[in-house]
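Everything below concerns the one structure shown next.
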Amino acid sequence: MLVSYNWLKEYVDLDGIQPDELADRITKSGIEVEGVESLSQGISGVVVGHVEKCEQHPNADKLNVCQVKIGEGEPVQIICGAPNVGTGQKVPVATVGAVLPGNFKIKKAKLRGEVSNGMICSLEELGVDVKMVPKEFADGIYVMKEDAEVGKNALSYLNLDDHILELGLTPNRADCLNMIGVAYETAAVFERKLTLPKPSLNENNESASDCISVKVDDFGDNPYYGAKVIRNIKVGPSPEWMQSRLISAGIRPINNVVDITNYVLLEYGQPLHAFDYDRFGSKEVLIRRAEAGEEIRTLDDEMRKLEAHHLVITNGMKPVAVAGVMGGAYSEVSDETTTILLEAAYFNPSIVRQASKDLGLRSESSTRFEKGIDRNRVYEAANRAAELMAEIAGGEVLEGIVEAGPRFVDPEKVIVRGERANKVLGTNIETKEIHEILERLRFSYEHENDEITVEVPARRPDITLEEDLIEEIGRIYGYDKIPATLPEGATTTGGLTPSQMKRRKVRRYLESVGLYQALTYSLTTKKKANAYHGLATEEEPAFISVSMPMSEERAVLRRTILPQLLEVVQYNQNRQLNDVAVYEIGSTYLTDERNLEKLPNEHQKLAAAFSGLWHFHPWQQEKKPVDFYVVKGVLDGLFKKLGVSERIEFQQVKREGFHPGRTAIVLLDGKQIGVIGQLHPADQKEWDIKETYLFELDLDIVFDIDVEPVVYSALPRYPSISRDIALILEQDVSAGEVQSGIKAAGGELLKEVSIFDLYEGEHMDEGKKSVAYSLTYYNPEKTLTDDDVEKVHSKVLGYVKEKFNATMRG
Amino acid sequence: MQERLMTLQEEAVEKIEHASSLKELQDIRVEYLGKKGPITEVLRGMGKLPAEERPKMGQLANEVREVITTKVDSKQEKLEREELDRQLSNETIDVTLPGRPIRQGNAHPLTAVIEEIEDLFIGMGFSIAEGPEVETDYYNFEALNLPKNHPARDMQDSFFITEDLLLRTQTSPVQARTMEKHEGKGPVKIISPGKVYRRDTDDATHSHQFMQIEGLLVDKNIRMSDLKGTLTLFAQKLFGEEREIRLRPSFFPFTEPSVEVDVSCFKCNGAGCSICKRTGWIEILGAGMVHPNVLEMAGFDSKEYTGFAFGMGPERIAMLKFGIDDIRHFYTNDLRFLEQFKRA
């Protein structure tokens with residue numbers, strides 16, 4: 001809502017309150033002023049001039065040489081190229097030395113040999129938005145009313161010495177979508193006098209009800225409809241003051257009838273519609289629901305197909321307007337119109353909202369109906385418009401208003417208790433002050449016992465509860481006067497849940513070993529949602545798609561974070577940032593429903609991508625590219641941190657999108673929790689990135705399992721004994737399997753088994769490899785003897801030979 | 001004989017002093033103190049002396065031996081140290097060469113901001129509550145006093161998945177869910193951080209996905225002044241002890257009264273600068289007293305219980321705190337961006 005300071009001044013005493021202060025105080029007490037614009041935009045030196053003589057320029061077809069009186073002295077010569085300049089006009093003149101918007105300075109000039117001492121201005125040159133300029137002045141200079149006084153500052157005649165406040169209204173404050181509402185608010189905030197328009201009508205003896213009847217089908221859809229008839233209208237331009245007020249509010253002047261309806265819209269917040277009575281087609285207004293498929297050609301000359309839930313104004317036969325949204329083209333006011341049928345109504349907000357949404361038509365009218373207009377101001381607004389039509393369009397107002405529905409409704413009563421207000425706000429506002437605040441708001445009230453019963457005016461439909469009144473009291477009292485206290489009551493411990501703690505632990509660990517945390521989008525393409533997820537194809541679940549995606553790129557919810565991290569690798573490597581190690585913790589979304597009805601399963605996943613070098617220390621010739629074991633090492637450390645490393649298993653698998661020989665699933669207590677592996681080289685090529693390794697884990701499963709608490713185990717008191725063995729194994733026997741086998745066979749005395757060498761290739765038989773294990777024996781009870789160890793060790797050797805078909809090497 | 005011993009001593013001391021290497025010194029030790037050395041020889045010849053002189057001579061000979069031994073030892077220590085110094089001097093390295101890099105990543109700046117805020121409120125007794133990102137219309141809107149057709153639904157155009165399911169537009173549904181779980185019994189004291197989604201075209205100041213962190217405190221006797229006090233503490237911890245806050249009336253369907261919360265500008269201390277757009281104040285939060293309808297729908301008696309709620313955008317806070325100029329940086333994951341927040 002754009003509010004003219006000068007206009008507002010007509011209703012509220014703003015003496016001594018500058019526009020900036022007005023904006024500041026209004027903002028602090030509830031209506032955010034998003035900006036204050038000075039219409040003059042720094043204009044100076046523009047005066048009213050009188051064109052005394054206007055002749056064709058001797059050397060230029062399109063220029064005129066004008067003698068313009070701009071004050072006491074002799075007329076000055078000004079060259080003007082506007083087609084509409086003419087002798088006898090009063091015009092805005094930028095004199096020599098004047099400054100126009102954009103810091104444009106007017107200097108004395110010579111145009112094709114003729115001296116020009118200034119410039120006759122168009123509205124656009126004076127900073128008026130070109131879209132707001134009335135049509136007759138669109139291509140030329142602005143011509144002022146004849147009573148403008150020569151030599152005076154032109155800005156006040158043009159209403160450009162004004163300031164415009166731009167209100168950013170929250171949906172509950174639709175009452176300030178009009179000047180009267182803003183005036184109420186301003187008067188309350190500043191405790192100033194309020195003077196509102198009081199329409200007075202000179203109606204003739206002809207009764208409006210002889211010309212028209214009104215019938216409403218359903219008062220739920222249309223609680224009130226009022227019609228007035230005005231005869232002998234002369235359609236023409238509206239007066240300057242009205243035009244400039246419309247312009248300042250962002251509405252282009254059209255003609256006096258349309259301008260009046262718009263003016264009353266701005267002043268009262270009441271959308272009005274003017275029909276050409278003679279083209280209305282009947283003497284009957286019937287408001288009803290549209291029939292499905294019924295059509296109407298609207299003002300914008302579009303044929304609109306209506307639905308059964310739309311409300312229409314009809315002439316008893318066919319629709320002449322979509323209620324609250326737009327009028328029909330046929331009964332539109334034209335230059336020939338002489339009799340006006342004026343509609344002032346209250347339509348159900350949600351019906352208007354639905355229709356404006358369906359038809360894609362949002363207007364100043366429909367938004368006001370949607371947000372709620374003042375039910376009790378409809379009648380007065382109709383009179384105000386009729387008054388103006390008589391005043392400036394020469395109309396004769398017929399007696400009375402033809403109505404359907406009650407003209408006024410009783411105001412809502414809401415009770416507020418001072419004690420409760422103070423309790424909610426944390427203040428000690430005295431009863432007397434609460435009364436004063438209600439009076440400033442112009443709310444009537446009765447105070448009995450502890451209860452103040454407030455009659456909420458219909459202009460404030462947002463107030464229905466005690467809390468709403470507490471807010472009114474609080475904001476007018478001033479939120480800056482509310483003290484700062486801390487909550488009293490039982491103390492709570494607060495803190496993180498075990499799973500939240502584990503998540504932080506995981507993050508700290510990964511960051512400490514060198515990974516950066518990434519944050520990517522949950523919405524992705526179908527293609528990306530369908531890769532790397534590892535879900536078996538036969539049970540592949542449906543995509544979870546947003547119904548109206550903004551783009552293909554953000555159409556479905558991700559099932560895995562991995563493609564997003566590959567995007568991160570790609571983005572960075574495209575910028576020569578080759579060494580990438582990133583992780584993300586976030587949700588993936590899965591469902592087993594074809595047609596989603598339940599909430600999908602949101603799994604908290606941890607994913608990571610590694611590419612390029614893991615370690616690089618050039619001057620000491622250290623360089624370690626990322627490989628499978630680097631990534632596995634990171635995971636090993638992670639599982640230790642979480643206390644589950646003993647329960648983890650890696651199982652070689654083949655999976656879509658991964659290197660067929662370098663991929664494993666990760667199991668926890670035998671249950672699959674994730675995957676680790678190298679991105680398939682074919683995919684790698686497609687992504688156009690370097691060799692990349694990935695892992696993804698389901699954190700919900702990992703966090704959910706119980707972990708043994710930390711218990712100290714005694715430091716060794718006796719020496720341990722180590723034995724190394726090198727085993728020749730078939731290539732397809734995995735080193736880890738043998739390691740577990742040794743561990744199991746070694747029993748209690750075998751404390752630790754580690755792999756310290758792997759040999760493949762030369763000197764080995766085809767299909768064989770050598771793996772060396774170091775076995776550490778320890779007995780916590782006593783010092784082990786060689787005999788003790790030998791007994792167990794030979795058992796271990798016997799076991800691996802038999803179980804894994806291993807032979808001892810060398 | 002005595003003379004001979006003294007001469008030997010002088011001779012030896014002289015040689016020791018001139019010795020310049022450990023080998024030379026070892027030769028001197030052998031020469032004078034060895035089994036075939038002159039002192040041993042002198043001692044052997046003592047048999048020829050009269051018996052009463054023998055002890056005196058013996059003592060003298062031992063003294064000489066002692067002196068030489070001490071001298072040799074101390075010279076040896078000196079030479080050894082010199083030798084070591086020489087050796088160490090050859091081991092000198094260039095300390096300006098770079099160290100072996102230790103890998104170190106760091107948290108995303110938004111996580112850093114969120115954790116800081118979480119910890120701050122944990123200190124005040126709050127817990128962290130989380131909830132689903134795909135929400136029902138009920139929890140995302142209706143339970144928050146936004147019935148179907150409510151004009152405020154326009155304020156947040158949403159990504160619907162089905163008629164009833166959508167990507168949550170705010171983290172407030174977590175508040176509704178948590179309150180329900182409390183079955184009408186307070187206090188409820190939670191912070192709920194998380195991702196939210198709105199139909200915005202991504203540009204420097206808009207993102208279709210962003211973070212939100214909200215707080216809720218429901219108990220008997222919670223006042224708006226408590227909101228002011230709590231948020232003042234928050235602003236001071238996050239932006240510095242000097243900070244003040246200002247409440248401006250606003251509107252949110254789920255709070256009544258509703259306020260926008262401005263923090264005095266941490267850059268210019270209220271004098272006016274480009275960060276606060278010359279107002280001295282920066283808008284940081286939306287807040288208010290929990291709407292009685294919201295309390296009632298979640299099973300709380302609004303006559304008995306009151307509460308406050310607040311919400312803010314970690315992106316905005318991070319942008320202000322770190323001077324970041326484009327919201328898209330948070331989701332592009334450029335390593336040169338991410339690595340700047342090691343200290344955050």
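Following the order of the structure tokens, chains are lettered A, B, ..., residues in each are numbered from 1, and ligands are numbered from 1.
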
Exercise. Using only C-alpha atoms, which chain B residues lie at most 7 Å away from chain A, written as a ChimeraX atom specification?
Worked result: /B:100-101,103-108,122,125-128,132,134-135,149,151-152,159-162,209,222-226,228-230,246-251,256-257,331,333-335

For this session: From the DSSP assignment of the backbone, select every residue of segment 134-246 of chain B that is strand (DSSP E or B), and format the answer as a PyMOL selection string.
Result: chain B and resi 134-136+160+165-167+188-197+209-220+245-246

Would you put the residues from that selection into a file with N, CA and C atoms, as a PDB file, in the first residue's frame?
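Output below, filename result_22.pdb:
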ATOM      1  N   VAL B 134       9.629 -34.139   4.903  1.00  0.00           N
ATOM      2  CA  VAL B 134       8.370 -34.282   4.173  1.00  0.00           C
ATOM      3  C   VAL B 134       7.289 -34.302   5.244  1.00  0.00           C
ATOM      4  N   GLU B 135       6.384 -33.341   5.168  1.00  0.00           N
ATOM      5  CA  GLU B 135       5.409 -33.154   6.244  1.00  0.00           C
ATOM      6  C   GLU B 135       3.980 -33.272   5.714  1.00  0.00           C
ATOM      7  N   THR B 136       3.068 -33.431   6.654  1.00  0.00           N
ATOM      8  CA  THR B 136       1.664 -33.405   6.271  1.00  0.00           C
ATOM      9  C   THR B 136       1.195 -31.955   6.308  1.00  0.00           C
ATOM     10  N   PHE B 160       4.467 -28.963  -2.947  1.00  0.00           N
ATOM     11  CA  PHE B 160       3.594 -30.065  -2.573  1.00  0.00           C
ATOM     12  C   PHE B 160       4.012 -31.323  -3.318  1.00  0.00           C
ATOM     13  N   LEU B 165       0.746 -34.018   1.327  1.00  0.00           N
ATOM     14  CA  LEU B 165       2.149 -34.062   1.754  1.00  0.00           C
ATOM     15  C   LEU B 165       2.943 -32.996   1.012  1.00  0.00           C
ATOM     16  N   LEU B 166       3.871 -32.386   1.750  1.00  0.00           N
ATOM     17  CA  LEU B 166       4.692 -31.358   1.126  1.00  0.00           C
ATOM     18  C   LEU B 166       6.054 -31.325   1.801  1.00  0.00           C
ATOM     19  N   LEU B 167       6.997 -30.652   1.127  1.00  0.00           N
ATOM     20  CA  LEU B 167       8.279 -30.395   1.783  1.00  0.00           C
ATOM     21  C   LEU B 167       8.018 -29.270   2.771  1.00  0.00           C
ATOM     22  N   VAL B 188       7.841 -27.382  27.870  1.00  0.00           N
ATOM     23  CA  VAL B 188       8.415 -27.814  26.593  1.00  0.00           C
ATOM     24  C   VAL B 188       9.475 -26.784  26.264  1.00  0.00           C
ATOM     25  N   LYS B 189      10.683 -27.239  26.086  1.00  0.00           N
ATOM     26  CA  LYS B 189      11.794 -26.288  25.859  1.00  0.00           C
ATOM     27  C   LYS B 189      12.662 -26.852  24.751  1.00  0.00           C
ATOM     28  N   ILE B 190      12.410 -26.447  23.545  1.00  0.00           N
ATOM     29  CA  ILE B 190      13.152 -27.065  22.434  1.00  0.00           C
ATOM     30  C   ILE B 190      13.690 -26.037  21.440  1.00  0.00           C
ATOM     31  N   ILE B 191      14.742 -26.484  20.786  1.00  0.00           N
ATOM     32  CA  ILE B 191      15.300 -25.776  19.637  1.00  0.00           C
ATOM     33  C   ILE B 191      15.164 -26.750  18.481  1.00  0.00           C
ATOM     34  N   SER B 192      14.615 -26.308  17.358  1.00  0.00           N
ATOM     35  CA  SER B 192      14.535 -27.233  16.230  1.00  0.00           C
ATOM     36  C   SER B 192      15.185 -26.656  14.981  1.00  0.00           C
ATOM     37  N   PRO B 193      16.350 -27.171  14.669  1.00  0.00           N
ATOM     38  CA  PRO B 193      17.044 -26.743  13.455  1.00  0.00           C
ATOM     39  C   PRO B 193      16.733 -27.699  12.312  1.00  0.00           C
ATOM     40  N   GLY B 194      16.863 -27.242  11.095  1.00  0.00           N
ATOM     41  CA  GLY B 194      16.686 -28.169   9.982  1.00  0.00           C
ATOM     42  C   GLY B 194      16.481 -27.483   8.651  1.00  0.00           C
ATOM     43  N   LYS B 195      16.383 -28.355   7.631  1.00  0.00           N
ATOM     44  CA  LYS B 195      16.201 -27.847   6.268  1.00  0.00           C
ATOM     45  C   LYS B 195      14.737 -27.552   6.019  1.00  0.00           C
ATOM     46  N   VAL B 196      14.480 -26.481   5.283  1.00  0.00           N
ATOM     47  CA  VAL B 196      13.114 -26.176   4.854  1.00  0.00           C
ATOM     48  C   VAL B 196      13.141 -25.781   3.374  1.00  0.00           C
ATOM     49  N   TYR B 197      11.973 -25.787   2.757  1.00  0.00           N
ATOM     50  CA  TYR B 197      11.904 -25.636   1.302  1.00  0.00           C
ATOM     51  C   TYR B 197      10.791 -24.676   0.915  1.00  0.00           C
ATOM     52  N   GLN B 209      15.994 -24.153  -1.041  1.00  0.00           N
ATOM     53  CA  GLN B 209      16.235 -24.948   0.165  1.00  0.00           C
ATOM     54  C   GLN B 209      17.097 -24.110   1.091  1.00  0.00           C
ATOM     55  N   PHE B 210      16.713 -24.036   2.326  1.00  0.00           N
ATOM     56  CA  PHE B 210      17.543 -23.295   3.271  1.00  0.00           C
ATOM     57  C   PHE B 210      17.323 -23.842   4.677  1.00  0.00           C
ATOM     58  N   MET B 211      18.073 -23.306   5.612  1.00  0.00           N
ATOM     59  CA  MET B 211      18.014 -23.793   6.984  1.00  0.00           C
ATOM     60  C   MET B 211      17.144 -22.866   7.827  1.00  0.00           C
ATOM     61  N   GLN B 212      16.589 -23.446   8.854  1.00  0.00           N
ATOM     62  CA  GLN B 212      15.861 -22.637   9.810  1.00  0.00           C
ATOM     63  C   GLN B 212      16.177 -23.179  11.190  1.00  0.00           C
ATOM     64  N   ILE B 213      16.160 -22.305  12.165  1.00  0.00           N
ATOM     65  CA  ILE B 213      16.304 -22.797  13.536  1.00  0.00           C
ATOM     66  C   ILE B 213      15.265 -22.072  14.365  1.00  0.00           C
ATOM     67  N   GLU B 214      14.470 -22.875  15.039  1.00  0.00           N
ATOM     68  CA  GLU B 214      13.369 -22.288  15.800  1.00  0.00           C
ATOM     69  C   GLU B 214      13.462 -22.714  17.248  1.00  0.00           C
ATOM     70  N   GLY B 215      12.895 -21.905  18.111  1.00  0.00           N
ATOM     71  CA  GLY B 215      12.879 -22.221  19.531  1.00  0.00           C
ATOM     72  C   GLY B 215      11.453 -22.135  20.059  1.00  0.00           C
ATOM     73  N   LEU B 216      11.183 -22.924  21.076  1.00  0.00           N
ATOM     74  CA  LEU B 216       9.851 -22.917  21.680  1.00  0.00           C
ATOM     75  C   LEU B 216       9.989 -23.165  23.176  1.00  0.00           C
ATOM     76  N   LEU B 217       9.311 -22.339  23.945  1.00  0.00           N
ATOM     77  CA  LEU B 217       9.247 -22.567  25.383  1.00  0.00           C
ATOM     78  C   LEU B 217       7.796 -22.426  25.819  1.00  0.00           C
ATOM     79  N   VAL B 218       7.227 -23.539  26.279  1.00  0.00           N
ATOM     80  CA  VAL B 218       5.845 -23.505  26.771  1.00  0.00           C
ATOM     81  C   VAL B 218       5.863 -23.925  28.231  1.00  0.00           C
ATOM     82  N   ASP B 219       5.276 -23.111  29.067  1.00  0.00           N
ATOM     83  CA  ASP B 219       5.220 -23.439  30.496  1.00  0.00           C
ATOM     84  C   ASP B 219       4.134 -22.568  31.114  1.00  0.00           C
ATOM     85  N   LYS B 220       3.911 -22.770  32.417  1.00  0.00           N
ATOM     86  CA  LYS B 220       3.000 -21.858  33.092  1.00  0.00           C
ATOM     87  C   LYS B 220       3.774 -20.552  33.284  1.00  0.00           C
ATOM     88  N   ILE B 245      18.372  -5.524  21.692  1.00  0.00           N
ATOM     89  CA  ILE B 245      17.382  -5.940  20.710  1.00  0.00           C
ATOM     90  C   ILE B 245      16.176  -5.009  20.751  1.00  0.00           C
ATOM     91  N   ARG B 246      15.440  -5.052  19.666  1.00  0.00           N
ATOM     92  CA  ARG B 246      14.254  -4.222  19.546  1.00  0.00           C
ATOM     93  C   ARG B 246      13.135  -5.103  18.987  1.00  0.00           C
TER      94      ARG B 246
END

For this session: Name all residues at most 8 Å from segment 146-160 of chain A (count only C-alpha atoms; drop same-chain ones fewer than 3 positions away) and give them as a ChimeraX atom specification.
Result: /A:39-40,45-50,69-72,89-90,92-93,240-241,244-245

Saved selection, atoms kept: N, CA and C atoms, as a PDB file, in the first residue's frame:
ATOM      1  N   LEU A  39       8.459  12.523  -3.693  1.00  0.00           N
ATOM      2  CA  LEU A  39       8.046  12.579  -5.099  1.00  0.00           C
ATOM      3  C   LEU A  39       8.838  13.612  -5.877  1.00  0.00           C
ATOM      4  N   SER A  40       9.310  14.644  -5.168  1.00  0.00           N
ATOM      5  CA  SER A  40      10.034  15.693  -5.892  1.00  0.00           C
ATOM      6  C   SER A  40      11.398  15.192  -6.355  1.00  0.00           C
ATOM      7  N   GLY A  45      13.464  24.494  -8.852  1.00  0.00           N
ATOM      8  CA  GLY A  45      13.436  25.479  -9.934  1.00  0.00           C
ATOM      9  C   GLY A  45      12.370  25.228 -10.988  1.00  0.00           C
ATOM     10  N   VAL A  46      11.333  24.435 -10.646  1.00  0.00           N
ATOM     11  CA  VAL A  46      10.253  24.226 -11.619  1.00  0.00           C
ATOM     12  C   VAL A  46       9.058  25.095 -11.194  1.00  0.00           C
ATOM     13  N   VAL A  47       8.663  26.009 -12.101  1.00  0.00           N
ATOM     14  CA  VAL A  47       7.597  26.946 -11.762  1.00  0.00           C
ATOM     15  C   VAL A  47       6.451  26.837 -12.770  1.00  0.00           C
ATOM     16  N   VAL A  48       5.317  27.475 -12.413  1.00  0.00           N
ATOM     17  CA  VAL A  48       4.193  27.524 -13.348  1.00  0.00           C
ATOM     18  C   VAL A  48       4.496  28.604 -14.400  1.00  0.00           C
ATOM     19  N   GLY A  49       4.390  28.253 -15.650  1.00  0.00           N
ATOM     20  CA  GLY A  49       4.624  29.214 -16.719  1.00  0.00           C
ATOM     21  C   GLY A  49       3.370  29.387 -17.566  1.00  0.00           C
ATOM     22  N   HIS A  50       3.277  30.521 -18.231  1.00  0.00           N
ATOM     23  CA  HIS A  50       2.140  30.766 -19.117  1.00  0.00           C
ATOM     24  C   HIS A  50       2.666  30.971 -20.526  1.00  0.00           C
ATOM     25  N   LYS A  69       5.809  33.273 -19.886  1.00  0.00           N
ATOM     26  CA  LYS A  69       5.907  34.144 -18.717  1.00  0.00           C
ATOM     27  C   LYS A  69       6.107  33.260 -17.498  1.00  0.00           C
ATOM     28  N   ILE A  70       7.173  33.554 -16.766  1.00  0.00           N
ATOM     29  CA  ILE A  70       7.451  32.698 -15.595  1.00  0.00           C
ATOM     30  C   ILE A  70       7.530  33.508 -14.306  1.00  0.00           C
ATOM     31  N   GLY A  71       7.013  34.730 -14.357  1.00  0.00           N
ATOM     32  CA  GLY A  71       7.038  35.545 -13.152  1.00  0.00           C
ATOM     33  C   GLY A  71       6.794  36.998 -13.502  1.00  0.00           C
ATOM     34  N   GLU A  72       7.325  37.855 -12.642  1.00  0.00           N
ATOM     35  CA  GLU A  72       7.080  39.286 -12.785  1.00  0.00           C
ATOM     36  C   GLU A  72       7.596  39.866 -14.107  1.00  0.00           C
ATOM     37  N   GLN A  89      -1.477  28.096 -22.683  1.00  0.00           N
ATOM     38  CA  GLN A  89      -1.405  27.000 -21.696  1.00  0.00           C
ATOM     39  C   GLN A  89      -0.645  27.438 -20.440  1.00  0.00           C
ATOM     40  N   LYS A  90      -1.068  26.825 -19.309  1.00  0.00           N
ATOM     41  CA  LYS A  90      -0.255  26.912 -18.095  1.00  0.00           C
ATOM     42  C   LYS A  90       0.541  25.604 -18.044  1.00  0.00           C
ATOM     43  N   PRO A  92       4.306  23.409 -16.570  1.00  0.00           N
ATOM     44  CA  PRO A  92       5.457  23.391 -15.660  1.00  0.00           C
ATOM     45  C   PRO A  92       6.737  23.725 -16.430  1.00  0.00           C
ATOM     46  N   VAL A  93       7.472  24.735 -15.927  1.00  0.00           N
ATOM     47  CA  VAL A  93       8.690  25.164 -16.614  1.00  0.00           C
ATOM     48  C   VAL A  93       9.896  24.959 -15.714  1.00  0.00           C
ATOM     49  N   GLU A 240      -7.404  17.418 -11.411  1.00  0.00           N
ATOM     50  CA  GLU A 240      -5.973  17.222 -11.138  1.00  0.00           C
ATOM     51  C   GLU A 240      -5.704  16.600  -9.778  1.00  0.00           C
ATOM     52  N   TRP A 241      -6.393  17.100  -8.750  1.00  0.00           N
ATOM     53  CA  TRP A 241      -6.096  16.608  -7.398  1.00  0.00           C
ATOM     54  C   TRP A 241      -6.369  15.117  -7.292  1.00  0.00           C
ATOM     55  N   SER A 244      -3.653  13.187  -9.355  1.00  0.00           N
ATOM     56  CA  SER A 244      -2.334  13.080  -8.736  1.00  0.00           C
ATOM     57  C   SER A 244      -2.375  12.139  -7.534  1.00  0.00           C
ATOM     58  N   ARG A 245      -3.523  12.080  -6.846  1.00  0.00           N
ATOM     59  CA  ARG A 245      -3.615  11.131  -5.724  1.00  0.00           C
ATOM     60  C   ARG A 245      -3.616   9.686  -6.223  1.00  0.00           C
TER      61      ARG A 245
END

For this session: Select, from B:Lys78, B:Glu83, B:Gly240, B:Asp119, the residue with the minimum atom-to-atom distance to Met501 of chain A, counting only C-alpha atoms.
Result: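 Answer, going by the shortest atom-to-atom distance: B:Asp119.
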
For this session: Would you list the contacts of segment 629-640 of chain A as an MDAnalysis selection string, taking every protein, DNA or RNA residue within 10 Å and counting only C-alpha atoms, but skipping same-chain residues closer than 5 positions in sequence?
Result: chainID A and resid 505:507 509:510 513:515 581 608:610 614 624 645:648 650 664 666 668 676:678 693:695 697 702

Keeping N, CA and C atoms for every residue in the selection just given, could you write it to a file as a short mmCIF file (atom, residue, chain, number, x, y, z; two decimals), in the first residue's frame?
data_model
loop_
_atom_site.label_atom_id
_atom_site.label_comp_id
_atom_site.auth_asym_id
_atom_site.auth_seq_id
_atom_site.Cartn_x
_atom_site.Cartn_y
_atom_site.Cartn_z
N LYS A 505 29.91 -36.41 17.09
CA LYS A 505 31.16 -37.14 17.20
C LYS A 505 31.65 -37.54 15.80
N VAL A 506 30.71 -38.03 14.98
CA VAL A 506 31.06 -38.44 13.63
C VAL A 506 31.60 -37.24 12.85
N ARG A 507 30.94 -36.11 13.00
CA ARG A 507 31.37 -34.91 12.29
C ARG A 507 32.75 -34.49 12.70
N TYR A 509 35.08 -36.24 14.05
CA TYR A 509 36.07 -37.22 13.60
C TYR A 509 36.42 -36.99 12.13
N LEU A 510 35.40 -36.93 11.29
CA LEU A 510 35.65 -36.81 9.85
C LEU A 510 36.40 -35.52 9.53
N VAL A 513 40.06 -35.84 10.44
CA VAL A 513 40.92 -36.61 9.55
C VAL A 513 40.96 -35.99 8.15
N GLY A 514 40.35 -34.86 7.96
CA GLY A 514 40.60 -34.14 6.72
C GLY A 514 39.45 -34.01 5.74
N LEU A 515 38.22 -34.26 6.18
CA LEU A 515 37.11 -34.10 5.25
C LEU A 515 36.38 -32.78 5.52
N ALA A 581 37.96 -34.12 -0.67
CA ALA A 581 37.49 -35.09 0.32
C ALA A 581 36.36 -34.40 1.07
N ALA A 608 30.36 -39.85 1.67
CA ALA A 608 31.61 -39.14 1.46
C ALA A 608 32.15 -39.45 0.07
N ALA A 609 32.88 -38.50 -0.47
CA ALA A 609 33.54 -38.69 -1.77
C ALA A 609 34.98 -38.24 -1.65
N PHE A 610 35.87 -39.05 -2.23
CA PHE A 610 37.30 -38.77 -2.18
C PHE A 610 37.85 -38.84 -3.60
N TRP A 614 45.39 -37.83 -1.51
CA TRP A 614 45.01 -37.84 -0.09
C TRP A 614 46.09 -37.11 0.71
N LYS A 624 50.46 -39.38 -1.94
CA LYS A 624 49.61 -40.56 -1.79
C LYS A 624 48.25 -40.27 -2.41
N SER A 645 33.73 -51.30 15.99
CA SER A 645 34.64 -51.85 14.97
C SER A 645 34.68 -53.37 15.00
N GLU A 646 34.50 -53.96 16.17
CA GLU A 646 34.55 -55.42 16.26
C GLU A 646 33.34 -56.08 15.59
N ARG A 647 32.31 -55.29 15.38
CA ARG A 647 31.06 -55.87 14.87
C ARG A 647 30.86 -55.57 13.38
N ILE A 648 31.89 -54.97 12.77
CA ILE A 648 31.80 -54.55 11.37
C ILE A 648 32.45 -55.57 10.45
N PHE A 650 33.30 -56.24 6.09
CA PHE A 650 33.26 -55.74 4.71
C PHE A 650 33.10 -56.94 3.79
N ALA A 664 32.56 -52.86 -1.72
CA ALA A 664 32.13 -53.75 -0.64
C ALA A 664 30.90 -53.16 0.02
N VAL A 666 29.06 -52.79 3.68
CA VAL A 666 29.49 -52.75 5.06
C VAL A 666 28.38 -53.34 5.90
N LEU A 668 26.96 -54.40 9.82
CA LEU A 668 27.09 -54.22 11.26
C LEU A 668 26.22 -55.29 11.90
N ILE A 676 30.95 -49.11 0.27
CA ILE A 676 32.21 -48.40 0.07
C ILE A 676 32.78 -48.90 -1.24
N GLY A 677 33.35 -48.01 -2.04
CA GLY A 677 33.93 -48.50 -3.27
C GLY A 677 34.40 -47.40 -4.20
N GLN A 678 34.96 -47.85 -5.31
CA GLN A 678 35.44 -46.91 -6.31
C GLN A 678 34.32 -46.66 -7.31
N TYR A 693 36.50 -42.27 -5.03
CA TYR A 693 36.02 -43.31 -4.11
C TYR A 693 34.89 -42.74 -3.26
N LEU A 694 33.98 -43.64 -2.89
CA LEU A 694 32.77 -43.19 -2.21
C LEU A 694 32.43 -44.11 -1.04
N PHE A 695 31.76 -43.56 -0.07
CA PHE A 695 31.05 -44.45 0.85
C PHE A 695 29.76 -43.80 1.29
N LEU A 697 26.70 -44.53 4.45
CA LEU A 697 26.23 -45.35 5.56
C LEU A 697 24.88 -44.86 6.04
N VAL A 702 23.27 -47.25 12.60
CA VAL A 702 24.50 -47.25 13.39
C VAL A 702 24.26 -46.59 14.75
#

For this session: Find the residues around Lys185 of chain B up to 12 Å (only C-alpha atoms counted), leave out those fewer than 6 positions away in its own chain, and share them as a list in words.
Result: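 What passes the distance filter is Thr178, Met179, Val218, Asp219, Lys220, Leu295, Ala298, Gly299, Phe300, Asp301, Ser302, Glu304, Tyr305 and Thr306 of chain B.
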